[in-house]
$ cat entry.cif   # mmCIF, C-alpha atoms
data_coords
loop_
_atom_site.group_PDB
_atom_site.id
_atom_site.type_symbol
_atom_site.label_atom_id
_atom_site.label_comp_id
_atom_site.auth_asym_id
_atom_site.auth_seq_id
_atom_site.Cartn_x
_atom_site.Cartn_y
_atom_site.Cartn_z
ATOM 1 C CA MET A 13 206.880 -29.905 24.450
ATOM 2 C CA ASN A 14 207.683 -33.496 23.646
ATOM 3 C CA VAL A 15 209.387 -34.832 26.787
ATOM 4 C CA LEU A 16 211.298 -38.081 27.351
ATOM 5 C CA LEU A 17 211.233 -39.219 30.987
ATOM 6 C CA VAL A 18 213.759 -41.853 32.117
ATOM 7 C CA GLU A 19 212.718 -42.824 35.647
ATOM 8 C CA ASP A 20 212.586 -46.260 37.311
ATOM 9 C CA ASP A 21 210.343 -45.295 40.253
ATOM 10 C CA ARG A 22 206.892 -46.094 38.896
ATOM 11 C CA ALA A 23 204.999 -43.812 41.283
ATOM 12 C CA VAL A 24 207.237 -40.834 40.500
ATOM 13 C CA ALA A 25 207.058 -41.579 36.775
ATOM 14 C CA ASP A 26 203.249 -41.835 36.756
ATOM 15 C CA PHE A 27 203.004 -38.533 38.621
ATOM 16 C CA ILE A 28 205.331 -36.675 36.247
ATOM 17 C CA VAL A 29 203.708 -38.125 33.115
ATOM 18 C CA SER A 30 200.241 -37.225 34.387
ATOM 19 C CA GLU A 31 201.250 -33.662 35.278
ATOM 20 C CA LEU A 32 203.016 -33.079 31.962
ATOM 21 C CA GLN A 33 200.022 -34.331 30.010
ATOM 22 C CA GLU A 34 197.695 -32.212 32.134
ATOM 23 C CA ALA A 35 199.832 -29.194 31.172
ATOM 24 C CA GLY A 36 199.416 -30.055 27.475
ATOM 25 C CA HIS A 37 202.776 -31.719 26.826
ATOM 26 C CA ALA A 38 203.547 -35.129 25.322
ATOM 27 C CA CYS A 39 205.636 -37.497 27.430
ATOM 28 C CA THR A 40 207.339 -40.811 26.673
ATOM 29 C CA HIS A 41 208.459 -42.896 29.662
ATOM 30 C CA CYS A 42 211.362 -45.349 29.881
ATOM 31 C CA ALA A 43 212.043 -47.270 33.106
ATOM 32 C CA ASP A 44 215.762 -48.018 32.671
ATOM 33 C CA GLY A 45 218.897 -46.385 31.313
ATOM 34 C CA GLU A 46 219.404 -48.640 28.296
ATOM 35 C CA SER A 47 215.935 -48.098 26.853
ATOM 36 C CA GLY A 48 216.156 -44.428 27.813
ATOM 37 C CA LEU A 49 219.400 -43.998 25.880
ATOM 38 C CA ALA A 50 217.909 -45.669 22.803
ATOM 39 C CA ALA A 51 214.854 -43.412 22.946
ATOM 40 C CA ALA A 52 216.991 -40.303 23.516
ATOM 41 C CA ARG A 53 219.151 -41.087 20.491
ATOM 42 C CA SER A 54 216.097 -40.842 18.240
ATOM 43 C CA GLY A 55 216.295 -37.058 18.514
ATOM 44 C CA GLN A 56 212.503 -36.786 18.579
ATOM 45 C CA HIS A 57 212.206 -35.051 21.953
ATOM 46 C CA ASP A 58 212.466 -31.379 22.919
ATOM 47 C CA VAL A 59 213.861 -32.078 26.380
ATOM 48 C CA LEU A 60 214.876 -35.078 28.496
ATOM 49 C CA VAL A 61 214.239 -35.718 32.199
ATOM 50 C CA VAL A 62 216.700 -38.341 33.455
ATOM 51 C CA ASP A 63 216.878 -39.856 36.928
ATOM 52 C CA ARG A 64 220.420 -40.270 38.215
ATOM 53 C CA MET A 65 220.027 -43.752 39.756
ATOM 54 C CA LEU A 66 218.738 -46.112 37.052
ATOM 55 C CA PRO A 67 218.898 -49.866 36.433
ATOM 56 C CA ARG A 68 220.960 -51.284 33.538
ATOM 57 C CA LEU A 69 222.644 -47.912 32.864
ATOM 58 C CA ASP A 70 222.817 -45.088 35.397
ATOM 59 C CA GLY A 71 221.857 -41.526 34.509
ATOM 60 C CA LEU A 72 225.410 -40.170 34.420
ATOM 61 C CA ALA A 73 226.581 -42.912 32.058
ATOM 62 C CA LEU A 74 223.523 -42.310 29.884
ATOM 63 C CA LEU A 75 224.405 -38.613 29.697
ATOM 64 C CA ARG A 76 228.037 -39.265 28.825
ATOM 65 C CA ARG A 77 227.136 -41.653 26.005
ATOM 66 C CA LEU A 78 224.511 -39.270 24.686
ATOM 67 C CA ARG A 79 226.899 -36.317 24.553
ATOM 68 C CA GLU A 80 229.770 -38.390 23.155
ATOM 69 C CA GLY A 81 227.441 -39.333 20.298
ATOM 70 C CA GLY A 82 226.787 -35.678 19.493
ATOM 71 C CA GLN A 83 223.221 -35.549 20.832
ATOM 72 C CA ARG A 84 222.554 -32.022 22.144
ATOM 73 C CA THR A 85 218.942 -32.331 23.343
ATOM 74 C CA PRO A 86 218.692 -30.451 26.681
ATOM 75 C CA VAL A 87 218.660 -32.705 29.752
ATOM 76 C CA LEU A 88 217.343 -32.100 33.259
ATOM 77 C CA LEU A 89 218.861 -34.542 35.736
ATOM 78 C CA LEU A 90 216.712 -35.674 38.682
ATOM 79 C CA SER A 91 218.352 -37.002 41.856
ATOM 80 C CA ALA A 92 217.936 -37.441 45.576
ATOM 81 C CA LEU A 93 221.642 -36.546 45.803
ATOM 82 C CA GLY A 94 221.737 -32.814 46.369
ATOM 83 C CA SER A 95 225.221 -31.814 47.518
ATOM 84 C CA VAL A 96 227.212 -29.254 45.551
ATOM 85 C CA ASP A 97 229.611 -31.998 44.421
ATOM 86 C CA ASP A 98 226.706 -34.143 43.200
ATOM 87 C CA ARG A 99 225.220 -31.278 41.213
ATOM 88 C CA VAL A 100 228.575 -30.289 39.710
ATOM 89 C CA GLN A 101 229.272 -33.885 38.697
ATOM 90 C CA GLY A 102 225.895 -34.103 36.954
ATOM 91 C CA LEU A 103 226.478 -30.871 35.053
ATOM 92 C CA HIS A 104 229.981 -31.960 34.035
ATOM 93 C CA CYS A 105 228.540 -35.175 32.613
ATOM 94 C CA GLY A 106 226.355 -33.184 30.239
ATOM 95 C CA ALA A 107 223.210 -32.189 32.136
ATOM 96 C CA ASP A 108 221.828 -28.725 31.379
ATOM 97 C CA ASP A 109 219.986 -28.510 34.700
ATOM 98 C CA TYR A 110 219.803 -30.462 37.970
ATOM 99 C CA LEU A 111 216.767 -30.800 40.219
ATOM 100 C CA VAL A 112 216.873 -32.457 43.643
ATOM 101 C CA LYS A 113 214.111 -34.781 44.863
ATOM 102 C CA PRO A 114 211.629 -34.125 46.336
ATOM 103 C CA PHE A 115 210.643 -31.290 44.001
ATOM 104 C CA ALA A 116 207.605 -29.153 43.216
ATOM 105 C CA MET A 117 206.027 -30.035 39.874
ATOM 106 C CA ALA A 118 205.573 -26.339 39.074
ATOM 107 C CA GLU A 119 209.336 -25.879 39.303
ATOM 108 C CA LEU A 120 210.027 -28.911 37.124
ATOM 109 C CA LEU A 121 207.634 -27.593 34.465
ATOM 110 C CA ALA A 122 209.182 -24.129 34.556
ATOM 111 C CA ARG A 123 212.707 -25.506 34.229
ATOM 112 C CA LEU A 124 211.710 -27.736 31.283
ATOM 113 C CA GLU A 125 210.006 -24.855 29.489
ATOM 114 C CA ILE A 126 213.135 -22.701 29.903
ATOM 115 C CA LEU A 127 215.386 -25.476 28.567
ATOM 116 C CA ALA A 128 213.130 -26.051 25.560
ATOM 117 C CA ARG A 129 212.897 -22.321 24.835
ATOM 118 C CA HIS A 130 216.667 -21.847 24.980
ATOM 119 C CA ALA A 131 217.141 -24.793 22.622
ATOM 120 C CA ARG A 132 214.696 -23.255 20.125
ATOM 121 C CA GLU A 133 216.427 -19.875 20.358
ATOM 122 C CA LEU A 134 219.831 -21.463 19.855
ATOM 123 C CA GLY A 135 218.503 -23.329 16.841
ATOM 124 C CA ALA A 136 217.274 -20.073 15.337
ATOM 125 C CA GLU A 137 220.591 -18.362 16.006
ATOM 126 C CA VAL A 138 222.635 -20.997 14.214
ATOM 127 C CA ALA A 139 220.392 -21.130 11.125
ATOM 128 C CA THR A 140 222.550 -20.614 8.030
ATOM 129 C CA ARG A 141 219.851 -20.299 5.381
ATOM 130 C CA LEU A 142 216.787 -18.136 4.857
ATOM 131 C CA GLN A 143 214.043 -18.818 2.326
ATOM 132 C CA VAL A 144 210.932 -16.944 1.212
ATOM 133 C CA ALA A 145 209.028 -18.735 -1.556
ATOM 134 C CA ASP A 146 211.712 -19.489 -4.218
ATOM 135 C CA LEU A 147 214.070 -16.777 -2.946
ATOM 136 C CA GLU A 148 217.007 -18.224 -0.984
ATOM 137 C CA MET A 149 219.801 -16.626 1.048
ATOM 138 C CA ASP A 150 222.884 -18.503 2.277
ATOM 139 C CA LEU A 151 224.092 -16.638 5.372
ATOM 140 C CA LEU A 152 227.560 -18.233 5.240
ATOM 141 C CA SER A 153 228.460 -17.598 1.606
ATOM 142 C CA GLN A 154 226.134 -14.543 1.421
ATOM 143 C CA GLU A 155 224.853 -15.883 -1.881
ATOM 144 C CA VAL A 156 221.298 -15.040 -2.941
ATOM 145 C CA ARG A 157 219.371 -17.095 -5.491
ATOM 146 C CA ARG A 158 215.897 -16.999 -6.964
ATOM 147 C CA GLN A 159 214.648 -19.985 -8.907
ATOM 148 C CA GLY A 160 218.253 -21.195 -8.804
ATOM 149 C CA GLU A 161 219.639 -18.077 -10.454
ATOM 150 C CA VAL A 162 222.315 -16.141 -8.566
ATOM 151 C CA ILE A 163 221.359 -12.531 -7.782
ATOM 152 C CA SER A 164 224.190 -10.048 -7.254
ATOM 153 C CA LEU A 165 223.530 -7.598 -4.423
ATOM 154 C CA GLN A 166 225.465 -4.684 -2.968
ATOM 155 C CA PRO A 167 226.259 -5.014 0.777
ATOM 156 C CA ARG A 168 223.462 -2.642 1.824
ATOM 157 C CA GLU A 169 220.968 -4.382 -0.458
ATOM 158 C CA TYR A 170 221.980 -7.690 1.094
ATOM 159 C CA LYS A 171 221.394 -6.391 4.630
ATOM 160 C CA LEU A 172 218.058 -4.925 3.574
ATOM 161 C CA LEU A 173 216.939 -8.209 2.020
ATOM 162 C CA GLU A 174 218.117 -10.223 5.028
ATOM 163 C CA TYR A 175 216.063 -8.044 7.384
ATOM 164 C CA LEU A 176 212.985 -8.374 5.179
ATOM 165 C CA MET A 177 213.414 -12.157 4.909
ATOM 166 C CA ARG A 178 213.733 -12.495 8.682
ATOM 167 C CA HIS A 179 210.388 -10.665 8.947
ATOM 168 C CA GLU A 180 208.609 -12.594 6.195
ATOM 169 C CA GLY A 181 204.960 -11.615 5.832
ATOM 170 C CA GLN A 182 205.238 -8.737 8.321
ATOM 171 C CA VAL A 183 204.888 -5.060 7.488
ATOM 172 C CA VAL A 184 208.319 -3.500 8.025
ATOM 173 C CA THR A 185 208.293 0.281 8.433
ATOM 174 C CA ARG A 186 210.841 2.715 6.995
ATOM 175 C CA ALA A 187 211.807 3.622 10.568
ATOM 176 C CA MET A 188 212.566 -0.031 11.359
ATOM 177 C CA LEU A 189 214.738 -0.355 8.263
ATOM 178 C CA LEU A 190 216.662 2.823 8.979
ATOM 179 C CA GLU A 191 217.358 1.748 12.538
ATOM 180 C CA HIS A 192 218.247 -1.903 11.902
ATOM 181 C CA VAL A 193 219.815 -1.764 8.428
ATOM 182 C CA TRP A 194 221.373 1.704 8.409
ATOM 183 C CA GLY A 195 221.874 2.084 12.155
ATOM 184 C CA TYR A 196 220.288 5.484 12.713
ATOM 185 C CA HIS A 197 216.910 6.779 13.773
ATOM 186 C CA PHE A 198 214.122 7.890 11.507
ATOM 187 C CA ASP A 199 214.639 10.961 9.338
ATOM 188 C CA PRO A 200 211.345 11.815 7.592
ATOM 189 C CA GLN A 201 213.203 13.709 4.857
ATOM 190 C CA THR A 202 215.464 10.912 3.633
ATOM 191 C CA ASN A 203 214.682 8.860 0.539
ATOM 192 C CA VAL A 204 217.493 6.345 1.064
ATOM 193 C CA ILE A 205 214.989 3.581 1.854
ATOM 194 C CA ASP A 206 212.960 4.170 -1.295
ATOM 195 C CA VAL A 207 216.076 4.135 -3.470
ATOM 196 C CA HIS A 208 217.414 0.882 -2.058
ATOM 197 C CA VAL A 209 214.021 -0.861 -2.036
ATOM 198 C CA SER A 210 213.559 0.113 -5.673
ATOM 199 C CA ARG A 211 216.972 -1.316 -6.604
ATOM 200 C CA LEU A 212 216.308 -4.485 -4.614
ATOM 201 C CA ARG A 213 212.893 -4.958 -6.225
ATOM 202 C CA GLN A 214 214.466 -4.697 -9.682
ATOM 203 C CA LYS A 215 216.896 -7.486 -8.819
ATOM 204 C CA ILE A 216 214.652 -9.972 -7.012
ATOM 205 C CA ASP A 217 211.292 -9.354 -8.752
ATOM 206 C CA ARG A 218 211.744 -7.884 -12.247
ATOM 207 C CA ASP A 219 212.468 -11.151 -14.056
ATOM 208 C CA PHE A 220 210.533 -13.467 -11.756
ATOM 209 C CA SER A 221 206.994 -14.345 -10.763
ATOM 210 C CA PRO A 222 205.240 -13.917 -8.405
ATOM 211 C CA GLN A 223 206.326 -10.529 -7.105
ATOM 212 C CA LEU A 224 207.595 -10.857 -3.538
ATOM 213 C CA LEU A 225 208.447 -7.325 -2.401
ATOM 214 C CA THR A 226 205.346 -5.202 -1.860
ATOM 215 C CA THR A 227 204.929 -1.582 -0.818
ATOM 216 C CA VAL A 228 202.200 -1.124 1.788
ATOM 217 C CA ARG A 229 201.030 2.425 1.218
ATOM 218 C CA GLY A 230 201.460 4.608 4.279
ATOM 219 C CA ALA A 231 202.968 1.766 6.319
ATOM 220 C CA GLY A 232 206.131 0.291 4.816
ATOM 221 C CA TYR A 233 207.074 -2.882 2.985
ATOM 222 C CA THR A 234 206.419 -6.582 3.181
ATOM 223 C CA LEU A 235 208.209 -9.571 1.662
ATOM 224 C CA GLY A 236 206.286 -12.733 0.914
ATOM 225 C CA ALA A 237 204.432 -14.734 -1.689
ATOM 226 C CA GLY A 238 201.150 -13.219 -0.584
#

$ encode --input "entry.cif" --output "structure tokens"
Amino acid sequence: MNVLLVEDDRAVADFIVSELQEAGHACTHCADGESGLAAARSGQHDVLVVDRMLPRLDGLALLRRLREGGQRTPVLLLSALGSVDDRVQGLHCGADDYLVKPFAMAELLARLEILARHARELGAEVATRLQVADLEMDLLSQEVRRQGEVISLQPREYKLLEYLMRHEGQVVTRAMLLEHVWGYHFDPQTNVIDVHVSRLRQKIDRDFSPQLLTTVRGAGYTLGAG
């Protein structure tokens, strides 16, 4: 992770920075709210750790300005104030988590890793475009292009291609395709996969180079530039 720490207590800051670096993470430290807000607005950090009581601009005001500006980087708020009302106020101001001082460093690390992981997962979920080599899929318009040329696909072909693109470079079995694209379990007698893969290959590979859709004999299929 790349962590921004906004903390005015030098001893606490040195401890947190040292422990984060020891755990293999990068950490930038700011000692007041104004410089912390400027650093946070850069959008270069995976997660922010912000002390509530800061000089020049307190942690709650920093959070409000950050969120009002559209910055969604996850924030863990640190504070010696630990009442329910204090925690609720911090969360309402835009914090994603709230940790009361004194704290165990192991817990701080765990909470930061969870925040960063959730942010990555959310980013993946809201992706609107897939690309494999020069093959592109717009998930909003459901338009597929290769080398800029629009490729017309039937709904099932589109779902098949989307699944293959989401598993770029991986061997996808016929059983996986039947379950996730067709919604039923493996039937060894069906040739529905072979028919649709053949039609899809004609559309995305026949007039283009290199070939992207490959049959892995005895295993399944893979999509990628090889």

$ atom_distance --input "entry.cif" --atom1 "atom CA of Met177 of chain A" --atom2 "atom CA of Val144 of chain A"
6.5 Å

$ resolve_selection --input "entry.cif" --expression "the PyMOL selection byres ((chain A and resi 103) around 12)" --output "PyMOL selection string"
chain A and resi 64+71-72+75-76+79+86-90+96-102+104-111

$ residues_near_point --input "entry.cif" --point "(205.7, -36.5, 33.2)" --cutoff "9 Å" --atoms "only C-alpha atoms" --output "list in words"
Val15, Leu16, Leu17, Val24, Ala25, Asp26, Phe27, Ile28, Val29, Ser30, Glu31, Leu32, Gln33, His37, Ala38, Cys39, Thr40, His41 and Val61 of chain A

$ resolve_selection --input "entry.cif" --expression "the PyMOL selection byres ((chain A and resi 143) around 10)" --output "list in words"
Arg141, Leu142, Val144, Ala145, Asp146, Leu147, Glu148, Met149, Asp150, Val156, Arg157, Arg158, Glu174, Met177, Arg178, Glu180 and Gly236 of chain A

$ atom_distance --input "entry.cif" --atom1 "atom CA of Ala92 of chain A" --atom2 "atom CA of Ser47 of chain A"
21.6 Å

$ resolve_selection --input "entry.cif" --expression "the PyMOL selection byres ((chain A and resi 172) around 10)" --output "count of residues only"
20

$ closest_residue --input "entry.cif" --among "A:Val59, A:Leu66, A:Ala35, A:Ala187" --to "Met117 of chain A" --atoms "only C-alpha atoms"
A:Ala35

$ closest_residue --input "entry.cif" --among "A:Gln56, A:Val18, A:Gly81, A:Gly94" --to "Leu69 of chain A" --atoms "all atoms listed in the file"
A:Val18

$ closest_residue --input "entry.cif" --among "A:Thr140, A:Ser54, A:Asp217, A:Glu19" --to "Gln154 of chain A" --atoms "only C-alpha atoms"
A:Thr140

$ atom_distance --input "entry.cif" --atom1 "atom CA of Asp20 of chain A" --atom2 "atom CA of Val112 of chain A"
15.8 Å

$ closest_residue --input "entry.cif" --among "A:Thr85, A:Ser153, A:Gln223, A:Gln214" --to "Leu134 of chain A" --atoms "only C-alpha atoms"
A:Thr85

$ closest_residue --input "entry.cif" --among "A:Glu119, A:Asp206, A:Asp58, A:Gly181" --to "Arg132 of chain A" --atoms "all atoms listed in the file"
A:Asp58

$ axis_aligned_box --input "entry.cif" --around "segment 76-91 of chain A" --padding-each-side "6 Å" --output "lines of an AutoDock Vina configuration file"
center_x = 223.2
center_y = -36.1
center_z = 30.7
size_x = 25.1
size_y = 23.2
size_z = 34.4

$ closest_residue --input "entry.cif" --among "A:Val204, A:Ala122, A:Leu74, A:Ala23" --to "Asp44 of chain A" --atoms "all atoms listed in the file"
A:Leu74
